[in-house]
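Presented below is the structure to which this report refers.
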Amino acid sequence: MKFAVLRFPGSNCDQDCLRTLRDNFGASADAVWHKETSVDGYDAIVVPGGFSYGDYLRCGAIARYSPVMGAVTRAAARGVPVLGICNGFQILCEAGLLPGALMRNRGLHFICRTVHLRVTNITSPFTRGTKEGEVVRLPVAHGEGCYFADETTLQKLEDGGQIAFRYCEADGSITPAANPNGSVRNIAGVLNSQGNILGLMPHPERACEERLGSTDGKVVFASLLSAGLASVS
Amino acid sequence: MKIRVTVLPKPSVLDPQGVATADAMKHLGWPGTPRVRVGKMIEIDVPGESPDEHLLHSICRDLLSNPVIEDYSIQRAD
C-alpha cells in the first residue's frame with residue numbers, strides 16, 4: 001500500500017507522518033509537493049498538520065486551492081482513503097470534502113497536551129481496528145480546533161455514523177470538562193458520508209512509539225493498512 | 001477605487017474573541033454587556049473599472065469568508 005503525504009508551504013507534521021508510516025509500519029510513503037497535479041498510483045493520502053500558508057486568511061483557506069487539492073478531490077471521489085490531521089482536517093473542511101468548520105478555540109489558548117478520545121465509529125477504514133467504546137490517548141496541538149457545524153449537519157453526522165472521535169474522560173464518558181476547545185458535541189474527528197475521508201484534530205502520528213508516551217495512534221494507520229490490504233486481495 | 005470586504009462570524013456562532021473583547025470593554029467602564037464580534041477587513045485596490053460582480057461575490061464566498069461560520073459585506077470607497 002502506497003501513501004502520499006502532502007506537503008504545503010508551512011506543513012510541519014509531514015516528516016512525522018512519513019516516519020511513522022515507513023518506520024513503524026514498513027509502508028511505502030512519499031512526500032507530495034502541493035504543486036503536483038496528480039496523486040495517481042497512491043492508495044491513500046495523508047494531509048498532515050502544520051500551518052499551511054501561515055494560516056493566512058483562515059486555517060487551510062489558501063491551501064485548499066493548491067493544485068494538488070484538485071487531484072485529492074478526484075481521488076477521494078474514486079474512494080481513495082484521505083486522512084486529514086489537524087491543519088489537514090482544516091484544509092479538508094475548507095475544501096468542502098468534510099462538513100463543518102474549525103474555529104478559534106473557545107478559551108483562545110493554543111492547546112498542546114494529550115487528550116482522551118472515544119472512538120464512536122468502529123467500522124470506518126481508519127478505525128476498524130478498534131472495539132466498541134474504545135478510548136485512545138492522543139496529543140492535540142492547535143489554536144483553531146473548535147469544530148462547528150449547524151444543527152442540520154450535526155444531525156446528518158449523528159445519523160450517518162460520521163462522528164469518528166469525541167473528546168472524553170479517561171473512562172470514556174463524554175463531558176463538557178473533557179472538551180478542550182469548545183467543539184460542538186465534543187467532536188474531535190468526522191468522516192464524510194462515504195466514509196473514505198477522515199479529518200481529526202488530534203495527532204495519531206505522534207503517538208505510535210512508546211517513547212512518545214502513547215502508541216494509541218497506531219490503530220488509525222493499522223486500520224488503514226488492513227483496509228487497504230483487504231481491498232487489494 | 002478600493003473595495004473593502006468585511007468578514008464577521010455569524011451571529012449564531014460562538015465568537016470567543018468577541019466575548020473576550022466585550023469583557024475587557026466592561027472592565028474599562030463600558031455600560032451594560034456589550035455585544036462584540038471580531039472579524040477581519042480585506043482591502044482590495046482596484047485600478048480602473050470595478051470588477052465583475054459575480055466574480056467578486058464568488059471570491060468573497062469561496063475564499064475570503066467561510067460561509068459555514070462567517071458572513072461578508074462589501075463596501076466601496078474612492
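Each chain in the C-alpha cells gets a letter, A, B, ..., in the order shown, and its residues are numbered from 1; ligands are numbered from 1 in order too.
Residues from chain B found within 9 Å of chain A are B:Val13, B:Leu14, B:Asp15, B:Pro16, B:Gln17, B:Ala20, B:Lys40, B:Asp62, B:Leu63, B:Leu64, B:Ser65, B:Asn66, B:Val68, B:Ile69, counting only C-alpha atoms.
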Show which residues sit within 8 Å of region 24-26 of chain A, as a CSV table (one decimal) with N, CA and C atoms, in the first residue's frame. Count only C-alpha atoms, and ignore same-chain residues fewer than 2 positions away.
```
chain,number,residue,atom,x,y,z
A,19,ARG,N,7.7,9.3,8.7
A,19,ARG,CA,8.4,8.4,9.5
A,19,ARG,C,7.6,7.3,10.1
A,20,THR,N,6.4,7.7,10.6
A,20,THR,CA,5.6,6.6,11.2
A,20,THR,C,5.2,5.6,10.2
A,21,LEU,N,4.8,6.0,9.0
A,21,LEU,CA,4.4,5.1,8.0
A,21,LEU,C,5.5,4.2,7.6
A,22,ARG,N,6.7,4.7,7.4
A,22,ARG,CA,7.8,3.9,6.9
A,22,ARG,C,8.4,3.1,8.1
A,28,SER,N,5.1,2.1,2.2
A,28,SER,CA,5.8,2.9,1.2
A,28,SER,C,5.1,4.3,1.3
A,208,CYS,N,2.8,6.8,18.1
A,208,CYS,CA,3.0,5.5,17.5
A,208,CYS,C,4.3,4.8,18.1
A,209,GLU,N,4.9,5.4,19.1
A,209,GLU,CA,6.1,4.8,19.7
A,209,GLU,C,6.0,5.0,21.2
A,222,ALA,N,-2.9,1.3,11.3
A,222,ALA,CA,-3.0,-0.2,11.1
A,222,ALA,C,-4.4,-0.5,10.5
```
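CA of Asn179 (chain A) to CA of Ile163 (chain A) spans 15.0 Å [interatomic distance, one decimal].
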Enumerate the residues of region 2-187 of chain A with a DSSP assignment of strand (DSSP E or B), computed from the backbone, and present them as a PDB file with C-alpha atoms, in the first residue's frame.
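Contents of out.pdb, freshly written:
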```pdb
ATOM      1  CA  LYS A   2       1.475   3.323  -1.093  1.00  0.00           C
ATOM      2  CA  PHE A   3       0.825   6.559   0.796  1.00  0.00           C
ATOM      3  CA  ALA A   4       1.072  10.132  -0.437  1.00  0.00           C
ATOM      4  CA  VAL A   5       1.839  12.632   2.342  1.00  0.00           C
ATOM      5  CA  LEU A   6       1.053  16.103   1.046  1.00  0.00           C
ATOM      6  CA  ARG A   7       3.441  18.942   1.745  1.00  0.00           C
ATOM      7  CA  SER A  11       3.305  21.920   6.726  1.00  0.00           C
ATOM      8  CA  SER A  28       5.755   2.943   1.243  1.00  0.00           C
ATOM      9  CA  ALA A  29       5.222   6.690   1.644  1.00  0.00           C
ATOM     10  CA  ASP A  30       6.213   9.675  -0.497  1.00  0.00           C
ATOM     11  CA  ALA A  31       6.087  13.363   0.236  1.00  0.00           C
ATOM     12  CA  VAL A  32       3.999  15.035  -2.467  1.00  0.00           C
ATOM     13  CA  TRP A  33       4.548  18.757  -3.039  1.00  0.00           C
ATOM     14  CA  ALA A  44      -4.093   6.534   0.438  1.00  0.00           C
ATOM     15  CA  ILE A  45      -3.471  10.238   1.007  1.00  0.00           C
ATOM     16  CA  VAL A  46      -2.426  11.930   4.239  1.00  0.00           C
ATOM     17  CA  VAL A  47      -2.964  15.678   4.617  1.00  0.00           C
ATOM     18  CA  GLY A  50       1.141  22.408  10.376  1.00  0.00           C
ATOM     19  CA  VAL A  82      -7.891  10.515   2.706  1.00  0.00           C
ATOM     20  CA  LEU A  83      -6.696  11.227   6.258  1.00  0.00           C
ATOM     21  CA  GLY A  84      -6.503  14.870   7.365  1.00  0.00           C
ATOM     22  CA  ILE A  85      -4.735  15.553  10.643  1.00  0.00           C
ATOM     23  CA  ALA A 101     -15.529  24.203  10.023  1.00  0.00           C
ATOM     24  CA  LEU A 102     -12.783  24.620  12.611  1.00  0.00           C
ATOM     25  CA  MET A 103     -12.785  27.825  14.620  1.00  0.00           C
ATOM     26  CA  ILE A 111      -3.675  23.813  23.443  1.00  0.00           C
ATOM     27  CA  CYS A 112      -0.790  21.355  23.439  1.00  0.00           C
ATOM     28  CA  ARG A 113      -1.425  18.253  25.549  1.00  0.00           C
ATOM     29  CA  THR A 114      -2.620  14.676  25.490  1.00  0.00           C
ATOM     30  CA  VAL A 115      -6.366  14.091  25.482  1.00  0.00           C
ATOM     31  CA  HIS A 116      -8.668  11.106  25.756  1.00  0.00           C
ATOM     32  CA  LEU A 117     -10.875  10.297  22.796  1.00  0.00           C
ATOM     33  CA  ARG A 118     -13.731   7.900  22.453  1.00  0.00           C
ATOM     34  CA  VAL A 119     -13.924   6.116  19.128  1.00  0.00           C
ATOM     35  CA  VAL A 135     -10.822   5.124  24.462  1.00  0.00           C
ATOM     36  CA  VAL A 136      -7.490   6.259  22.997  1.00  0.00           C
ATOM     37  CA  ARG A 137      -4.932   8.803  24.224  1.00  0.00           C
ATOM     38  CA  LEU A 138      -3.598  11.145  21.552  1.00  0.00           C
ATOM     39  CA  PRO A 139      -1.841  14.514  21.618  1.00  0.00           C
ATOM     40  CA  VAL A 140      -3.506  17.689  20.389  1.00  0.00           C
ATOM     41  CA  ALA A 141      -1.654  20.880  19.416  1.00  0.00           C
ATOM     42  CA  HIS A 142      -3.867  23.562  17.952  1.00  0.00           C
ATOM     43  CA  CYS A 146     -13.193  24.181  17.804  1.00  0.00           C
ATOM     44  CA  TYR A 147     -15.388  22.143  15.474  1.00  0.00           C
ATOM     45  CA  PHE A 148     -18.614  23.783  14.353  1.00  0.00           C
ATOM     46  CA  ILE A 163     -18.564  11.206  14.054  1.00  0.00           C
ATOM     47  CA  ALA A 164     -15.406   9.121  14.454  1.00  0.00           C
ATOM     48  CA  PHE A 165     -13.862  10.579  17.624  1.00  0.00           C
ATOM     49  CA  ARG A 166     -15.164  12.592  20.570  1.00  0.00           C
ATOM     50  CA  TYR A 167     -13.203  14.198  23.393  1.00  0.00           C
ATOM     51  CA  CYS A 168     -13.925  12.214  26.573  1.00  0.00           C
ATOM     52  CA  ILE A 187     -16.430  16.282  18.179  1.00  0.00           C
TER      53      ILE A 187
END
```
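The smallest atom-to-atom distance between Val38 (chain B) and any of B:Glu53, B:Pro11, B:Ile59, B:Met1, using only C-alpha atoms, is found for B:Pro11.
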